[in-house]
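Raw contents of upload25.pdb, PDB, C-alpha atoms and all ligand atoms:
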ATOM      1  CA  LYS P   1     -44.745  16.585 -17.169  1.00  0.00           C
ATOM      2  CA  HIS P   2     -43.513  17.388 -13.653  1.00  0.00           C
ATOM      3  CA  TYR P   3     -41.264  14.966 -11.836  1.00  0.00           C
ATOM      4  CA  LYS P   4     -40.112  14.916  -8.220  1.00  0.00           C
ATOM      5  CA  VAL P   5     -36.382  14.453  -7.816  1.00  0.00           C
ATOM      6  CA  GLY P   6     -34.770  13.547  -4.494  1.00  0.00           C
ATOM      7  CA  TYR P   7     -31.133  14.504  -4.321  1.00  0.00           C
ATOM      8  CA  LEU P   8     -28.484  12.981  -2.077  1.00  0.00           C
ATOM      9  CA  ILE P   9     -25.286  14.858  -1.371  1.00  0.00           C
ATOM     10  CA  GLY P  10     -22.489  12.418  -0.630  1.00  0.00           C
ATOM     11  CA  SER P  11     -20.651  14.866   1.632  1.00  0.00           C
ATOM     12  CA  LEU P  12     -21.573  15.825   5.189  1.00  0.00           C
ATOM     13  CA  ALA P  13     -19.156  18.782   5.201  1.00  0.00           C
ATOM     14  CA  LYS P  14     -20.652  22.224   5.889  1.00  0.00           C
ATOM     15  CA  GLU P  15     -18.690  23.830   3.066  1.00  0.00           C
ATOM     16  CA  SER P  16     -19.125  20.889   0.692  1.00  0.00           C
ATOM     17  CA  ILE P  17     -18.301  21.719  -2.918  1.00  0.00           C
ATOM     18  CA  ASN P  18     -20.723  18.990  -3.939  1.00  0.00           C
ATOM     19  CA  ARG P  19     -23.496  20.802  -2.056  1.00  0.00           C
ATOM     20  CA  LYS P  20     -22.591  23.913  -4.054  1.00  0.00           C
ATOM     21  CA  LEU P  21     -22.755  21.879  -7.263  1.00  0.00           C
ATOM     22  CA  ALA P  22     -26.169  20.512  -6.274  1.00  0.00           C
ATOM     23  CA  GLY P  23     -27.435  24.065  -5.744  1.00  0.00           C
ATOM     24  CA  ALA P  24     -26.176  25.083  -9.168  1.00  0.00           C
ATOM     25  CA  LEU P  25     -27.752  22.040 -10.829  1.00  0.00           C
ATOM     26  CA  ILE P  26     -31.146  22.828  -9.310  1.00  0.00           C
ATOM     27  CA  LYS P  27     -30.956  26.357 -10.703  1.00  0.00           C
ATOM     28  CA  LEU P  28     -30.063  25.059 -14.179  1.00  0.00           C
ATOM     29  CA  ALA P  29     -32.661  22.267 -14.245  1.00  0.00           C
ATOM     30  CA  PRO P  30     -35.779  22.338 -16.417  1.00  0.00           C
ATOM     31  CA  GLU P  31     -38.649  23.947 -14.502  1.00  0.00           C
ATOM     32  CA  ASN P  32     -40.680  20.729 -14.582  1.00  0.00           C
ATOM     33  CA  LEU P  33     -38.286  19.061 -12.152  1.00  0.00           C
ATOM     34  CA  ASP P  34     -39.011  19.659  -8.442  1.00  0.00           C
ATOM     35  CA  PHE P  35     -36.199  18.983  -5.976  1.00  0.00           C
ATOM     36  CA  THR P  36     -36.049  17.814  -2.360  1.00  0.00           C
ATOM     37  CA  GLU P  37     -32.918  16.908  -0.488  1.00  0.00           C
ATOM     38  CA  ILE P  38     -32.908  13.447   1.035  1.00  0.00           C
ATOM     39  CA  SER P  39     -30.550  13.579   4.004  1.00  0.00           C
ATOM     40  CA  PHE P  40     -28.847  10.535   5.437  1.00  0.00           C
ATOM     41  CA  ALA P  41     -26.798  12.257   8.152  1.00  0.00           C
ATOM     42  CA  GLU P  42     -28.875  10.872  11.041  1.00  0.00           C
ATOM     43  CA  LEU P  43     -28.766   7.210  10.019  1.00  0.00           C
ATOM     44  CA  PRO P  44     -26.832   4.886  12.337  1.00  0.00           C
ATOM     45  CA  LEU P  45     -24.417   2.415  10.812  1.00  0.00           C
ATOM     46  CA  TYR P  46     -26.422  -0.299   9.103  1.00  0.00           C
ATOM     47  CA  SER P  47     -26.529  -3.906  10.254  1.00  0.00           C
ATOM     48  CA  TYR P  48     -29.022  -6.567   9.242  1.00  0.00           C
ATOM     49  CA  ASP P  49     -29.821  -6.888  12.944  1.00  0.00           C
ATOM     50  CA  TYR P  50     -32.102  -3.876  12.312  1.00  0.00           C
ATOM     51  CA  ASP P  51     -34.068  -5.670   9.581  1.00  0.00           C
ATOM     52  CA  ALA P  52     -36.615  -7.138  11.986  1.00  0.00           C
ATOM     53  CA  ASP P  53     -37.536  -3.656  13.239  1.00  0.00           C
ATOM     54  CA  TYR P  54     -36.234  -0.692  11.233  1.00  0.00           C
ATOM     55  CA  PRO P  55     -35.780   2.439  13.385  1.00  0.00           C
ATOM     56  CA  PRO P  56     -38.003   5.455  12.564  1.00  0.00           C
ATOM     57  CA  VAL P  57     -35.092   7.387  11.015  1.00  0.00           C
ATOM     58  CA  ALA P  58     -34.494   4.567   8.535  1.00  0.00           C
ATOM     59  CA  ARG P  59     -38.202   4.205   7.743  1.00  0.00           C
ATOM     60  CA  ALA P  60     -38.337   7.934   7.076  1.00  0.00           C
ATOM     61  CA  PHE P  61     -35.340   7.634   4.772  1.00  0.00           C
ATOM     62  CA  LYS P  62     -36.985   4.852   2.764  1.00  0.00           C
ATOM     63  CA  ASP P  63     -40.283   6.782   2.682  1.00  0.00           C
ATOM     64  CA  ALA P  64     -38.480   9.849   1.313  1.00  0.00           C
ATOM     65  CA  ILE P  65     -37.108   7.776  -1.558  1.00  0.00           C
ATOM     66  CA  LYS P  66     -40.520   6.251  -2.189  1.00  0.00           C
ATOM     67  CA  ALA P  67     -42.051   9.731  -2.424  1.00  0.00           C
ATOM     68  CA  VAL P  68     -39.904  10.846  -5.369  1.00  0.00           C
ATOM     69  CA  ASP P  69     -39.868   9.840  -9.034  1.00  0.00           C
ATOM     70  CA  ALA P  70     -36.095   9.826  -9.378  1.00  0.00           C
ATOM     71  CA  LEU P  71     -32.815  10.223  -7.501  1.00  0.00           C
ATOM     72  CA  LEU P  72     -29.847  12.459  -8.208  1.00  0.00           C
ATOM     73  CA  PHE P  73     -26.564  11.563  -6.501  1.00  0.00           C
ATOM     74  CA  VAL P  74     -24.117  14.451  -6.159  1.00  0.00           C
ATOM     75  CA  THR P  75     -21.063  12.984  -4.530  1.00  0.00           C
ATOM     76  CA  PRO P  76     -17.417  13.611  -3.793  1.00  0.00           C
ATOM     77  CA  GLU P  77     -14.745  11.004  -4.262  1.00  0.00           C
ATOM     78  CA  TYR P  78     -13.143   9.847  -1.014  1.00  0.00           C
ATOM     79  CA  ASN P  79     -10.181   7.520  -1.450  1.00  0.00           C
ATOM     80  CA  ARG P  80     -11.270   6.583  -4.971  1.00  0.00           C
ATOM     81  CA  SER P  81     -14.759   5.561  -3.919  1.00  0.00           C
ATOM     82  CA  ILE P  82     -17.909   7.123  -2.502  1.00  0.00           C
ATOM     83  CA  PRO P  83     -17.942   8.427   1.095  1.00  0.00           C
ATOM     84  CA  GLY P  84     -18.826   5.805   3.689  1.00  0.00           C
ATOM     85  CA  GLY P  85     -21.908   7.726   4.821  1.00  0.00           C
ATOM     86  CA  LEU P  86     -23.450   7.526   1.370  1.00  0.00           C
ATOM     87  CA  LYS P  87     -22.728   3.817   1.045  1.00  0.00           C
ATOM     88  CA  ASN P  88     -24.255   3.269   4.485  1.00  0.00           C
ATOM     89  CA  ALA P  89     -27.391   5.138   3.397  1.00  0.00           C
ATOM     90  CA  ILE P  90     -27.702   3.055   0.234  1.00  0.00           C
ATOM     91  CA  ASP P  91     -27.336  -0.138   2.273  1.00  0.00           C
ATOM     92  CA  TRP P  92     -30.175   1.014   4.571  1.00  0.00           C
ATOM     93  CA  ALA P  93     -32.468   1.813   1.646  1.00  0.00           C
ATOM     94  CA  SER P  94     -31.736  -1.477  -0.116  1.00  0.00           C
ATOM     95  CA  ARG P  95     -33.077  -3.509   2.816  1.00  0.00           C
ATOM     96  CA  PRO P  96     -34.913  -5.294   4.483  1.00  0.00           C
ATOM     97  CA  TYR P  97     -34.639  -7.961   1.797  1.00  0.00           C
ATOM     98  CA  GLY P  98     -37.518  -7.677  -0.649  1.00  0.00           C
ATOM     99  CA  THR P  99     -38.111  -3.969   0.013  1.00  0.00           C
ATOM    100  CA  ASN P 100     -35.220  -2.460  -1.959  1.00  0.00           C
ATOM    101  CA  SER P 101     -36.076   1.232  -2.378  1.00  0.00           C
ATOM    102  CA  PHE P 102     -34.066   1.552  -5.597  1.00  0.00           C
ATOM    103  CA  THR P 103     -35.944  -1.022  -7.664  1.00  0.00           C
ATOM    104  CA  HIS P 104     -36.979   0.675 -10.946  1.00  0.00           C
ATOM    105  CA  LYS P 105     -36.166   4.136  -9.497  1.00  0.00           C
ATOM    106  CA  PRO P 106     -34.429   6.211 -12.180  1.00  0.00           C
ATOM    107  CA  SER P 107     -31.172   7.815 -11.102  1.00  0.00           C
ATOM    108  CA  ALA P 108     -28.212   9.888 -12.214  1.00  0.00           C
ATOM    109  CA  VAL P 109     -24.790  10.414 -10.706  1.00  0.00           C
ATOM    110  CA  ILE P 110     -22.549  13.471 -10.806  1.00  0.00           C
ATOM    111  CA  GLY P 111     -19.826  14.945  -8.655  1.00  0.00           C
ATOM    112  CA  THR P 112     -17.045  17.446  -8.303  1.00  0.00           C
ATOM    113  CA  SER P 113     -13.530  17.399  -6.929  1.00  0.00           C
ATOM    114  CA  PRO P 114     -10.627  19.841  -6.955  1.00  0.00           C
ATOM    115  CA  GLY P 115      -8.630  17.184  -8.801  1.00  0.00           C
ATOM    116  CA  ALA P 116      -8.667  16.668 -12.555  1.00  0.00           C
ATOM    117  CA  ILE P 117     -10.283  13.226 -12.334  1.00  0.00           C
ATOM    118  CA  GLY P 118     -13.414  14.976 -11.085  1.00  0.00           C
ATOM    119  CA  THR P 119     -14.878  12.043  -9.063  1.00  0.00           C
ATOM    120  CA  ALA P 120     -14.782   9.660 -12.049  1.00  0.00           C
ATOM    121  CA  VAL P 121     -13.603   6.721  -9.960  1.00  0.00           C
ATOM    122  CA  ALA P 122     -16.203   7.313  -7.224  1.00  0.00           C
ATOM    123  CA  GLN P 123     -18.936   7.580  -9.827  1.00  0.00           C
ATOM    124  CA  GLN P 124     -17.892   4.296 -11.405  1.00  0.00           C
ATOM    125  CA  SER P 125     -18.078   2.679  -7.993  1.00  0.00           C
ATOM    126  CA  LEU P 126     -21.506   4.214  -7.318  1.00  0.00           C
ATOM    127  CA  ARG P 127     -22.766   3.027 -10.712  1.00  0.00           C
ATOM    128  CA  SER P 128     -21.818  -0.493  -9.793  1.00  0.00           C
ATOM    129  CA  VAL P 129     -23.776  -0.255  -6.530  1.00  0.00           C
ATOM    130  CA  LEU P 130     -26.841   1.290  -8.191  1.00  0.00           C
ATOM    131  CA  GLY P 131     -26.695  -1.329 -10.925  1.00  0.00           C
ATOM    132  CA  PHE P 132     -26.901  -4.101  -8.363  1.00  0.00           C
ATOM    133  CA  CYS P 133     -29.738  -2.227  -6.653  1.00  0.00           C
ATOM    134  CA  ASN P 134     -31.676  -2.288  -9.951  1.00  0.00           C
ATOM    135  CA  SER P 135     -31.906   1.469 -10.428  1.00  0.00           C
ATOM    136  CA  PRO P 136     -32.138   2.425 -14.126  1.00  0.00           C
ATOM    137  CA  GLN P 137     -29.283   4.920 -14.416  1.00  0.00           C
ATOM    138  CA  MET P 138     -28.719   7.650 -16.940  1.00  0.00           C
ATOM    139  CA  ASN P 139     -25.746   6.294 -18.913  1.00  0.00           C
ATOM    140  CA  ALA P 140     -24.924   9.479 -20.740  1.00  0.00           C
ATOM    141  CA  PRO P 141     -23.997  12.243 -20.463  1.00  0.00           C
ATOM    142  CA  GLU P 142     -21.409  11.574 -17.793  1.00  0.00           C
ATOM    143  CA  ALA P 143     -20.262  14.595 -15.769  1.00  0.00           C
ATOM    144  CA  TYR P 144     -16.881  14.810 -14.058  1.00  0.00           C
ATOM    145  CA  ILE P 145     -16.580  18.354 -12.772  1.00  0.00           C
ATOM    146  CA  GLN P 146     -13.236  19.750 -11.670  1.00  0.00           C
ATOM    147  CA  PHE P 147     -13.982  22.357  -9.004  1.00  0.00           C
ATOM    148  CA  THR P 148     -11.780  25.356  -9.684  1.00  0.00           C
ATOM    149  CA  PRO P 149     -11.916  28.330  -7.262  1.00  0.00           C
ATOM    150  CA  GLY P 150     -14.914  30.535  -8.072  1.00  0.00           C
ATOM    151  CA  LEU P 151     -16.539  28.037 -10.442  1.00  0.00           C
ATOM    152  CA  ILE P 152     -19.810  28.489  -8.545  1.00  0.00           C
ATOM    153  CA  ASP P 153     -20.569  31.915  -7.089  1.00  0.00           C
ATOM    154  CA  GLU P 154     -22.324  32.788  -3.804  1.00  0.00           C
ATOM    155  CA  GLN P 155     -25.727  32.782  -5.509  1.00  0.00           C
ATOM    156  CA  GLY P 156     -25.186  29.302  -6.919  1.00  0.00           C
ATOM    157  CA  GLY P 157     -24.457  30.554 -10.416  1.00  0.00           C
ATOM    158  CA  VAL P 158     -21.914  28.760 -12.621  1.00  0.00           C
ATOM    159  CA  THR P 159     -19.307  31.316 -13.691  1.00  0.00           C
ATOM    160  CA  VAL P 160     -17.819  29.412 -16.646  1.00  0.00           C
ATOM    161  CA  GLU P 161     -20.182  29.599 -19.599  1.00  0.00           C
ATOM    162  CA  SER P 162     -19.187  26.291 -21.199  1.00  0.00           C
ATOM    163  CA  THR P 163     -19.625  24.460 -17.885  1.00  0.00           C
ATOM    164  CA  GLU P 164     -22.970  26.165 -17.307  1.00  0.00           C
ATOM    165  CA  GLY P 165     -24.204  24.973 -20.707  1.00  0.00           C
ATOM    166  CA  PHE P 166     -22.876  21.491 -20.099  1.00  0.00           C
ATOM    167  CA  LEU P 167     -24.656  21.230 -16.733  1.00  0.00           C
ATOM    168  CA  ARG P 168     -27.908  22.646 -18.120  1.00  0.00           C
ATOM    169  CA  ASN P 169     -27.844  19.986 -20.814  1.00  0.00           C
ATOM    170  CA  TYR P 170     -27.054  17.323 -18.211  1.00  0.00           C
ATOM    171  CA  MET P 171     -30.207  18.226 -16.266  1.00  0.00           C
ATOM    172  CA  SER P 172     -32.309  18.363 -19.406  1.00  0.00           C
ATOM    173  CA  GLU P 173     -31.068  14.892 -20.344  1.00  0.00           C
ATOM    174  CA  PHE P 174     -31.872  13.724 -16.812  1.00  0.00           C
ATOM    175  CA  HIS P 175     -35.447  14.912 -17.244  1.00  0.00           C
ATOM    176  CA  ASP P 176     -35.710  12.944 -20.497  1.00  0.00           C
ATOM    177  CA  HIS P 177     -34.198   9.870 -18.847  1.00  0.00           C
ATOM    178  CA  ILE P 178     -36.804  10.002 -16.058  1.00  0.00           C
ATOM    179  CA  ALA P 179     -39.602  10.353 -18.609  1.00  0.00           C
ATOM    180  CA  ARG P 180     -38.331   7.377 -20.621  1.00  0.00           C
ATOM    181  CA  VAL P 181     -37.945   5.117 -17.592  1.00  0.00           C
ATOM    182  CA  LEU P 182     -41.330   6.013 -16.086  1.00  0.00           C
ATOM    183  CA  SER P 183     -43.064   5.464 -19.435  1.00  0.00           C
ATOM    184  CA  VAL P 184     -42.192   1.771 -19.239  1.00  0.00           C
ATOM    185  CA  LEU P 185     -41.828   1.382 -15.459  1.00  0.00           C
ATOM    186  CA  PRO P 186     -44.563   3.405 -13.742  1.00  0.00           C
ATOM    187  CA  ASN P 187     -43.978   4.258 -10.081  1.00  0.00           C
ATOM    188  CA  ASP P 188     -46.169   1.451  -8.817  1.00  0.00           C
ATOM    189  CA  ALA P 189     -44.620  -1.236 -11.025  1.00  0.00           C
TER     190      ALA P 189
HETATM  191  C1  LIG P 201     -10.544  13.401  -0.471  1.00  0.00           C
HETATM  192  N1  LIG P 201     -10.368  14.035  -1.690  1.00  0.00           N
HETATM  193  C2  LIG P 201     -10.281  13.275  -2.846  1.00  0.00           C
HETATM  194  N2  LIG P 201     -10.386  13.846  -4.093  1.00  0.00           N
HETATM  195  C3  LIG P 201     -10.354  13.080  -5.194  1.00  0.00           C
HETATM  196  O1  LIG P 201     -10.488  13.594  -6.300  1.00  0.00           O
HETATM  197  N3  LIG P 201     -10.184  11.725  -5.113  1.00  0.00           N
HETATM  198  C4  LIG P 201     -10.051  11.091  -3.929  1.00  0.00           C
HETATM  199  O2  LIG P 201      -9.942   9.875  -3.882  1.00  0.00           O
HETATM  200  C5  LIG P 201     -10.107  11.871  -2.738  1.00  0.00           C
HETATM  201  N4  LIG P 201      -9.993  11.280  -1.509  1.00  0.00           N
HETATM  202  C6  LIG P 201     -10.336  12.000  -0.383  1.00  0.00           C
HETATM  203  C7  LIG P 201     -10.524  11.332   0.823  1.00  0.00           C
HETATM  204  C8  LIG P 201     -10.951  12.032   1.937  1.00  0.00           C
HETATM  205  C9  LIG P 201     -11.215  11.275   3.208  1.00  0.00           C
HETATM  206  C10 LIG P 201     -11.176  13.429   1.846  1.00  0.00           C
HETATM  207  C11 LIG P 201     -11.680  14.203   3.049  1.00  0.00           C
HETATM  208  C12 LIG P 201     -10.961  14.091   0.675  1.00  0.00           C
HETATM  209  C13 LIG P 201     -10.465  15.514  -1.792  1.00  0.00           C
HETATM  210  C14 LIG P 201     -11.901  15.913  -2.030  1.00  0.00           C
HETATM  211  O3  LIG P 201     -12.151  15.898  -3.432  1.00  0.00           O
HETATM  212  C15 LIG P 201     -12.164  17.333  -1.485  1.00  0.00           C
HETATM  213  O4  LIG P 201     -11.994  17.291  -0.072  1.00  0.00           O
HETATM  214  C16 LIG P 201     -13.559  17.833  -1.794  1.00  0.00           C
HETATM  215  O5  LIG P 201     -13.775  19.097  -1.201  1.00  0.00           O
HETATM  216  C17 LIG P 201     -14.618  16.846  -1.283  1.00  0.00           C
HETATM  217  O6  LIG P 201     -15.916  17.242  -1.679  1.00  0.00           O
HETATM  218  P1  LIG P 201     -16.924  17.865  -0.596  1.00  0.00           P
HETATM  219  O7  LIG P 201     -16.928  16.955   0.580  1.00  0.00           O
HETATM  220  O8  LIG P 201     -16.365  19.248  -0.264  1.00  0.00           O
HETATM  221  O9  LIG P 201     -18.248  17.936  -1.316  1.00  0.00           O
END

Conversion result in structure tokens:
Amino acid sequence: KHYKVGYLIGSLAKESINRKLAGALIKLAPENLDFTEISFAELPLYSYDYDADYPPVARAFKDAIKAVDALLFVTPEYNRSIPGGLKNAIDWASRPYGTNSFTHKPSAVIGTSPGAIGTAVAQQSLRSVLGFCNSPQMNAPEAYIQFTPGLIDEQGGVTVESTEGFLRNYMSEFHDHIARVLSVLPNDA
């Protein structure tokens, strides 16, 4: 079965290594997953003052999440947590109260960093947020990718065979996770 996956890249940087990782993951994914990027770059800083009348950019963001079967978070670690922009976007989507966009929406988290910890601490933080937002997350496999120079080539290919196999399996497991979640929690539940 085909599933629509919306992916969020935690970094706004033009040369983001997490954007490169996202590109590689899409290439390695099973062909029955279709990907669309869900951008949050244009969102203002959230305040509940907006709840009475969400601006069009925030409505569009929530609609984009609604339109997909699952979410993939590809995020860097900034100061041992997720970047502020990503947290801001999640706060927008979680509100107004009673319209949380993450309810029953399957998700997975992954990220890369030049350091050996490979975004593990940021991912743990993101898992806590997504848990509160009631998104059924893929527990395993976890993926903490240390970004060594040349790991991903210009065409988005992974140059280390063991890493390529690991990431292919990660995406295959993500497909199975989506299928399992949607079998008990259909999109309109
Ligand atoms: C970092 N970096 C970083 N790396 C890490 O492994 N743990 C950390 O806590 C941090 N903290 C941090 C804070 C800030 C503000 C910046 C700008 C960077 C380094 C980071 O992993 C590196 O810049 C990556 O290139 C970030 O990924 P993107 O943005 O290129 O996808």

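Here the selection is built from only C-alpha atoms, and the residues within 10 Å of (-12.7, 25.0, -7.0) turn out to be Ile17, Thr112, Ser113, Pro114, Gly115, Ile145, Gln146, Phe147, Thr148, Pro149, Gly150, Leu151 and Ile152 of chain P.
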
Polymer residues at most 9 Å from range 172-176 of chain P, all atoms listed in the file, same-chain spacing of 3 or more positions, as a count of residues only: 18

Protein and nucleic acid residues within 8 Å of ligand LIG 201 (chain P) (all atoms listed in the file) as a list in words: Ile9, Gly10, Ser11, Leu12, Ala13, Glu15, Ser16, Ile17, Asn18, Arg19, Lys20, Thr75, Pro76, Glu77, Tyr78, Asn79, Arg80, Ser81, Pro83, Thr112, Ser113, Pro114, Gly115, Ala116, Ile117, Gly118, Thr119, Val121 and Ala122 of chain P

Resolved residues for the PyMOL selection byres (((chain P and resi 7) around 7) and not hetatm) as a list in words: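 Those residues are Val5, Gly6, Leu8, Ile9, Phe35, Thr36, Glu37, Ile38, Leu71, Leu72 and Phe73 of chain P.
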
Point-to-point distance from CA of Lys62 in chain P to CA of Ala24 in chain P, Å rounded to tenths: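 These two atoms are separated by 25.9 Å.
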
Residue members of the PyMOL selection byres (((chain P and resi 59) around 12) and not hetatm) in the file shown, as a PyMOL selection string: chain P and resi 40+42-43+50-51+53-58+60-66+89+92-96+99+101

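The interatomic distance for the pair CA of Ile178 in chain P and CA of Lys105 in chain P works out to 8.8 Å.
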
Residue with smallest distance to Glu31 in chain P - pool P:Tyr46, P:Val109, P:Pro186, P:Met171, counting all atoms listed in the file: P:Met171

Coordinates-based distance that separates CA of Gly85 in chain P from CA of Lys14 in chain P (Å, one decimal):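 It comes out at 14.6 Å.
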
Pick from P:Ala70, P:Ala120, P:Leu21, P:Ala52 nearest to Asp34 in chain P, counting only C-alpha atoms: P:Ala70

Output check: residues returned by the PyMOL selection byres (((chain P and resi 131) around 12) and not hetatm), as a list in words: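 Selection result, ordered by chain and number: Ser94, Phe102, Thr103, His104, Lys105, Pro106, Ser107, Ala108, Val109, Gln123, Gln124, Ser125, Leu126, Arg127, Ser128, Val129, Leu130, Phe132, Cys133, Asn134, Ser135, Pro136, Gln137, Met138 and Asn139 of chain P.
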
Shortest interatomic distance to Ile26 in chain P - which of P:Gly111, P:Gly165, P:Gly98, P:Gly156, counting only C-alpha atoms: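 Under the stated criterion, the closest residue is P:Gly156.
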
Could you give me the axis-aligned bounding box of range 146-150 of chain P, with 6 Å of padding per side, as centre plus edge lengths in Å to one decimal, as lines of an AutoDock Vina configuration file?
center_x = -13.3
center_y = 25.1
center_z = -9.5
size_x = 15.1
size_y = 22.8
size_z = 16.4

Selected residue, from P:Val158, P:Ala41, P:Asp69, P:Leu25, that lies nearest to Lys1 in chain P when counting only C-alpha atoms: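 Among the listed residues, the smallest separation from Lys1 in chain P belongs to P:Asp69.
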
Counting all atoms listed in the file, the residue of P:Gly157, P:Lys4, P:Leu45, P:Glu164 that sits nearest Leu182 in chain P: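 The shortest atom-to-atom distance to Leu182 in chain P comes from P:Lys4.
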